[in-house]
Amino acid sequence: MALKPISKIAAGVQASTTLAIDSLFKQMKAEGKDVVGFGAGEPDFPTPEHIKQAGIEAIENNQTKYTPAAGLMDLRKAACYRLKEDCGLDYEPTQIVVASGAKHSVYIALMTLCNPGDEVVIAAPYWVSYSEMVKQAGAIPVIVAATEEAHFKITAEQLDAAITDKTKVFMLNSPSNPTGMVYTKAELEAIAEVCCRHNIYVIADEIYCNLVYDNNEFVSFASLGEDVKERTILVNGVSKSYAMTGWRIGYSASNPQLAKVMANYLSHSTSAPSTISQQAAITALTGPQEDMQVMKQAFEQRRDHLVERMNQIEGVSCIKPEGAFYVMMNMKGFLGKTMYGKVIESAEDFAQLFLEKGLVATVPCTAFAAPGFIRWSYATSLTEIDKGLDRLEAFIKNA
């Protein structure tokens, strides 16, 4: 007898492109191949020593029991402190909900806000998980495309045109993964006017807020006024700024009603993250910030080097990102051409061939709603960046 079919929602979820590329890269590495990886959005720096020590001390002090579903009160206070220091925002600890990474926080926010059939507007290019998480909530992703000429940022007018009576949420990611672009205060204010006028929620994923370059200002969406703050679920965490990706600590800040519902949702799903990780995150958010600044300066130096060199390679180009640690390489000039006996019909074809022949792992951006582009993460050393670009030159030249 055949088994009954599984959930249509679960069956429709696509595997993460970035994790798939990273998995293949690590497999080839384990096989002894000299592969260079630019796939994962993960700082190559170790977690700072004082943060690691806080985790060790948590274990030694037997701080290993369950915490409240919304997280340790001291961690929620620490998040409030950081949001005030970095963004000028005032939240009460009861408005903070801790989850297993910012990714998890976005998921919980969508599950809290969306009913089946609701529409969620997503600006493209977007992080690959957004549309899949919207589908998991039973909602419908509505994609609004931004062009390279517009620096990968949509306008308030584009957002306005995409909103219907079914629209519930707008997904905002600034600084952006995969583009690294940062919305200005004026651009955010125009978007905020549209969201307030149409009475829709905003999930503001600001996980890269501390990685903004060229002395530019980061503006938190929730800082644009009380009406904006009331309808915003701000998402942040410690993964990117403090090189704590594996510690899995994210958090959200929202109005009290939403925070309570998100905490209830967590209480019946994952509950709180690791207590040890929470203790380390308290130290990250409230302790010295010098290590974070050192990492930021290194990322900015790497960005400048990568962009300059990439734009000197015939056939590819990129614009300079303003934040995060990604570059979008335009490879549209190779579409329809034959390389190594294979016709390049997509960014996936190029990236697969580049991995096989050039031994360089990158992320094709079709799943990010950016066909014709490939994402490079510069969260790696200048030596590795040069090795990857040398191989790109040779890969193109010898095709």
# chains A, B, ... in the order shown; residues from 1 in each chain; ligands from 1
$ residues_around --residues "range 55-58 of chain A" --least-positions-apart "6" --cutoff "8 Å" --atoms "only C-alpha atoms" --output "MDAnalysis selection string"
chainID A and resid 64 276:277 279:280
$ residues_around --residues "range 334-338 of chain A" --least-positions-apart "5" --cutoff "9 Å" --atoms "only C-alpha atoms" --output "list in words"
Gly315, Val316, Val343, Ile344, Glu345, Ser346, Ala347, Phe350, Gly372 and Ala399 of chain A
$ closest_atom_pairs --of "range 188-228 of chain A" --to "range 141-157 of chain A" --cutoff "8 Å" --atoms "only C-alpha atoms" --output "JSON lines"
{"residue": "A:Ala190", "atom": "CA", "partner": "A:Ala156", "partner_atom": "CA", "distance": 5.6}
{"residue": "A:Ile191", "atom": "CA", "partner": "A:Ala156", "partner_atom": "CA", "distance": 4.8}
{"residue": "A:Val194", "atom": "CA", "partner": "A:Ala156", "partner_atom": "CA", "distance": 6.7}
$ closest_residue --among "A:Asp165, A:Glu356, A:Asp386, A:Asp227" --to "His198 in chain A" --atoms "only C-alpha atoms"
A:Asp165
$ residues_around --residues "range 376-385 of chain A" --least-positions-apart "6" --cutoff "7 Å" --atoms "only C-alpha atoms" --output "JSON, numbers by chain"
{"A": [36, 38, 39, 40, 41, 42, 43, 44, 299, 302, 303, 306, 325, 326, 327, 328, 362, 363]}
$ residues_around --residues "Ala204 in chain A" --least-positions-apart "6" --cutoff "7 Å" --atoms "only C-alpha atoms" --output "list in words"
Met171, Leu172, Asn173, Phe221, Thr232, Ile233, Leu234 and Val235 of chain A
$ write_last_selection --atoms "all heavy atoms" --output "short mmCIF file (atom, residue, chain, number, x, y, z; two decimals), in the first residue's frame"
data_model
loop_
_atom_site.label_atom_id
_atom_site.label_comp_id
_atom_site.auth_asym_id
_atom_site.auth_seq_id
_atom_site.Cartn_x
_atom_site.Cartn_y
_atom_site.Cartn_z
N MET A 171 9.06 42.79 3.01
CA MET A 171 10.35 42.31 3.52
C MET A 171 11.44 43.28 3.11
O MET A 171 11.68 43.50 1.92
CB MET A 171 10.66 40.94 2.92
CG MET A 171 9.70 39.83 3.30
SD MET A 171 9.96 39.21 4.96
CE MET A 171 11.59 38.55 4.83
N LEU A 172 12.11 43.86 4.10
CA LEU A 172 13.18 44.83 3.85
C LEU A 172 14.49 44.29 4.39
O LEU A 172 14.57 43.87 5.55
CB LEU A 172 12.85 46.17 4.52
CG LEU A 172 13.92 47.25 4.47
CD1 LEU A 172 14.13 47.74 3.05
CD2 LEU A 172 13.53 48.41 5.39
N ASN A 173 15.53 44.32 3.56
CA ASN A 173 16.85 43.85 3.98
C ASN A 173 17.90 44.87 3.59
O ASN A 173 18.25 45.01 2.43
CB ASN A 173 17.14 42.50 3.32
CG ASN A 173 18.48 41.89 3.69
OD1 ASN A 173 19.08 41.17 2.92
ND2 ASN A 173 18.96 42.16 4.90
N PHE A 221 15.11 51.00 10.06
CA PHE A 221 13.77 51.34 9.59
C PHE A 221 12.85 51.74 10.74
O PHE A 221 12.06 52.67 10.62
CB PHE A 221 13.17 50.14 8.84
CG PHE A 221 11.92 50.47 8.08
CD1 PHE A 221 11.98 51.21 6.91
CD2 PHE A 221 10.68 50.04 8.53
CE1 PHE A 221 10.83 51.52 6.19
CE2 PHE A 221 9.52 50.33 7.82
CZ PHE A 221 9.60 51.08 6.65
N THR A 232 6.70 47.47 12.60
CA THR A 232 7.95 46.84 12.18
C THR A 232 8.37 45.73 13.13
O THR A 232 8.34 45.91 14.35
CB THR A 232 9.08 47.89 12.11
OG1 THR A 232 8.75 48.89 11.14
CG2 THR A 232 10.40 47.25 11.72
N ILE A 233 8.73 44.60 12.56
CA ILE A 233 9.47 43.59 13.32
C ILE A 233 10.92 43.69 12.87
O ILE A 233 11.26 43.35 11.75
CB ILE A 233 8.92 42.17 13.08
CG1 ILE A 233 7.48 42.07 13.56
CG2 ILE A 233 9.81 41.15 13.80
CD1 ILE A 233 6.87 40.68 13.38
N LEU A 234 11.75 44.22 13.75
CA LEU A 234 13.18 44.40 13.45
C LEU A 234 13.89 43.11 13.81
O LEU A 234 13.71 42.56 14.90
CB LEU A 234 13.72 45.57 14.28
CG LEU A 234 15.15 46.05 14.06
CD1 LEU A 234 15.31 47.48 14.59
CD2 LEU A 234 16.16 45.16 14.77
N VAL A 235 14.71 42.62 12.88
CA VAL A 235 15.45 41.38 13.10
C VAL A 235 16.95 41.67 13.09
O VAL A 235 17.45 42.38 12.20
CB VAL A 235 15.12 40.34 12.01
CG1 VAL A 235 16.02 39.11 12.14
CG2 VAL A 235 13.65 39.94 12.10
#
$ closest_atom_pairs --of "range 200-294 of chain A" --to "range 81-93 of chain A" --cutoff "7 Å" --atoms "only C-alpha atoms" --output "tab-separated table"
residue	atom	partner	partner_atom	distance
A:Ser220	CA	A:Cys87	CA	6.1
A:Ser223	CA	A:Leu89	CA	6.2
A:Leu285	CA	A:Arg82	CA	6.1
$ write_last_selection --atoms "all heavy atoms" --output "compact mmCIF listing (two decimals), in the first residue's frame"
# COMPACT_ATOMS: atom_id res chain seq x y z
N SER A 220 18.18 52.54 10.80
CA SER A 220 17.24 51.47 11.11
C SER A 220 15.83 51.90 10.72
O SER A 220 15.41 53.02 11.01
CB SER A 220 17.29 51.13 12.60
OG SER A 220 16.32 50.14 12.92
N SER A 223 13.47 53.38 13.25
CA SER A 223 13.81 54.69 13.83
C SER A 223 13.09 55.85 13.13
O SER A 223 13.26 57.00 13.51
CB SER A 223 15.32 54.92 13.75
OG SER A 223 15.74 55.13 12.40
N LEU A 285 27.15 41.58 22.97
CA LEU A 285 26.36 42.79 22.80
C LEU A 285 26.73 43.90 23.78
O LEU A 285 26.60 45.08 23.46
CB LEU A 285 24.86 42.47 22.93
CG LEU A 285 24.28 41.57 21.83
CD1 LEU A 285 22.85 41.16 22.18
CD2 LEU A 285 24.32 42.25 20.48
$ select_by_dssp --residues "range 16-191 of chain A" --states "strand (DSSP E)" --output "JSON, numbers by chain"
{"A": [36, 37, 96, 97, 98, 99, 119, 120, 121, 122, 123, 124, 140, 141, 142, 143, 144, 145, 167, 168, 169, 170, 171, 172, 173]}
$ closest_atom_pairs --of "range 105-138 of chain A" --to "range 4-15 of chain A" --cutoff "10 Å" --atoms "only C-alpha atoms" --output "JSON lines"
{"residue": "A:Val128", "atom": "CA", "partner": "A:Ala15", "partner_atom": "CA", "distance": 9.5}
{"residue": "A:Ser129", "atom": "CA", "partner": "A:Gln14", "partner_atom": "CA", "distance": 9.0}
{"residue": "A:Ser131", "atom": "CA", "partner": "A:Val13", "partner_atom": "CA", "distance": 9.4}
{"residue": "A:Glu132", "atom": "CA", "partner": "A:Val13", "partner_atom": "CA", "distance": 5.9}
{"residue": "A:Met133", "atom": "CA", "partner": "A:Val13", "partner_atom": "CA", "distance": 8.3}
{"residue": "A:Lys135", "atom": "CA", "partner": "A:Ile9", "partner_atom": "CA", "distance": 7.0}
{"residue": "A:Gln136", "atom": "CA", "partner": "A:Ile9", "partner_atom": "CA", "distance": 5.9}
{"residue": "A:Ala137", "atom": "CA", "partner": "A:Ile9", "partner_atom": "CA", "distance": 8.5}
{"residue": "A:Gly138", "atom": "CA", "partner": "A:Ile9", "partner_atom": "CA", "distance": 7.3}
$ select_by_dssp --residues "range 40-171 of chain A" --states "helix (DSSP H, G or I)" --output "ChimeraX atom specification"
/A:49-60,73-87,93-95,102-113,129-136,156-162
$ closest_atom_pairs --of "range 109-136 of chain A" --to "range 265-268 of chain A" --cutoff "10 Å" --atoms "only C-alpha atoms" --output "tab-separated table"
residue	atom	partner	partner_atom	distance
A:Ala109	CA	A:Tyr265	CA	9.8
A:Met111	CA	A:Tyr265	CA	8.4
A:Thr112	CA	A:Tyr265	CA	7.8
$ write_last_selection --atoms "N, CA, C and O atoms" --output "short mmCIF file (atom, residue, chain, number, x, y, z; two decimals), in the first residue's frame"
data_model
loop_
_atom_site.label_atom_id
_atom_site.label_comp_id
_atom_site.auth_asym_id
_atom_site.auth_seq_id
_atom_site.Cartn_x
_atom_site.Cartn_y
_atom_site.Cartn_z
N ALA A 109 8.69 35.56 12.59
CA ALA A 109 7.95 36.78 12.27
C ALA A 109 6.90 36.51 11.18
O ALA A 109 5.75 36.95 11.28
N MET A 111 5.57 33.58 10.37
CA MET A 111 4.53 32.69 10.90
C MET A 111 3.57 33.44 11.81
O MET A 111 2.39 33.09 11.91
N THR A 112 4.06 34.48 12.45
CA THR A 112 3.22 35.29 13.33
C THR A 112 2.29 36.20 12.55
O THR A 112 1.13 36.40 12.93
#
$ residues_around --residues "range 254-256 of chain A" --least-positions-apart "3" --cutoff "8 Å" --atoms "only C-alpha atoms" --output "PyMOL selection string"
chain A and resi 94-96+229-234+259-260
$ atom_distance --atom1 "CA of Arg197 in chain A" --atom2 "CA of Thr167 in chain A"
12.4 Å
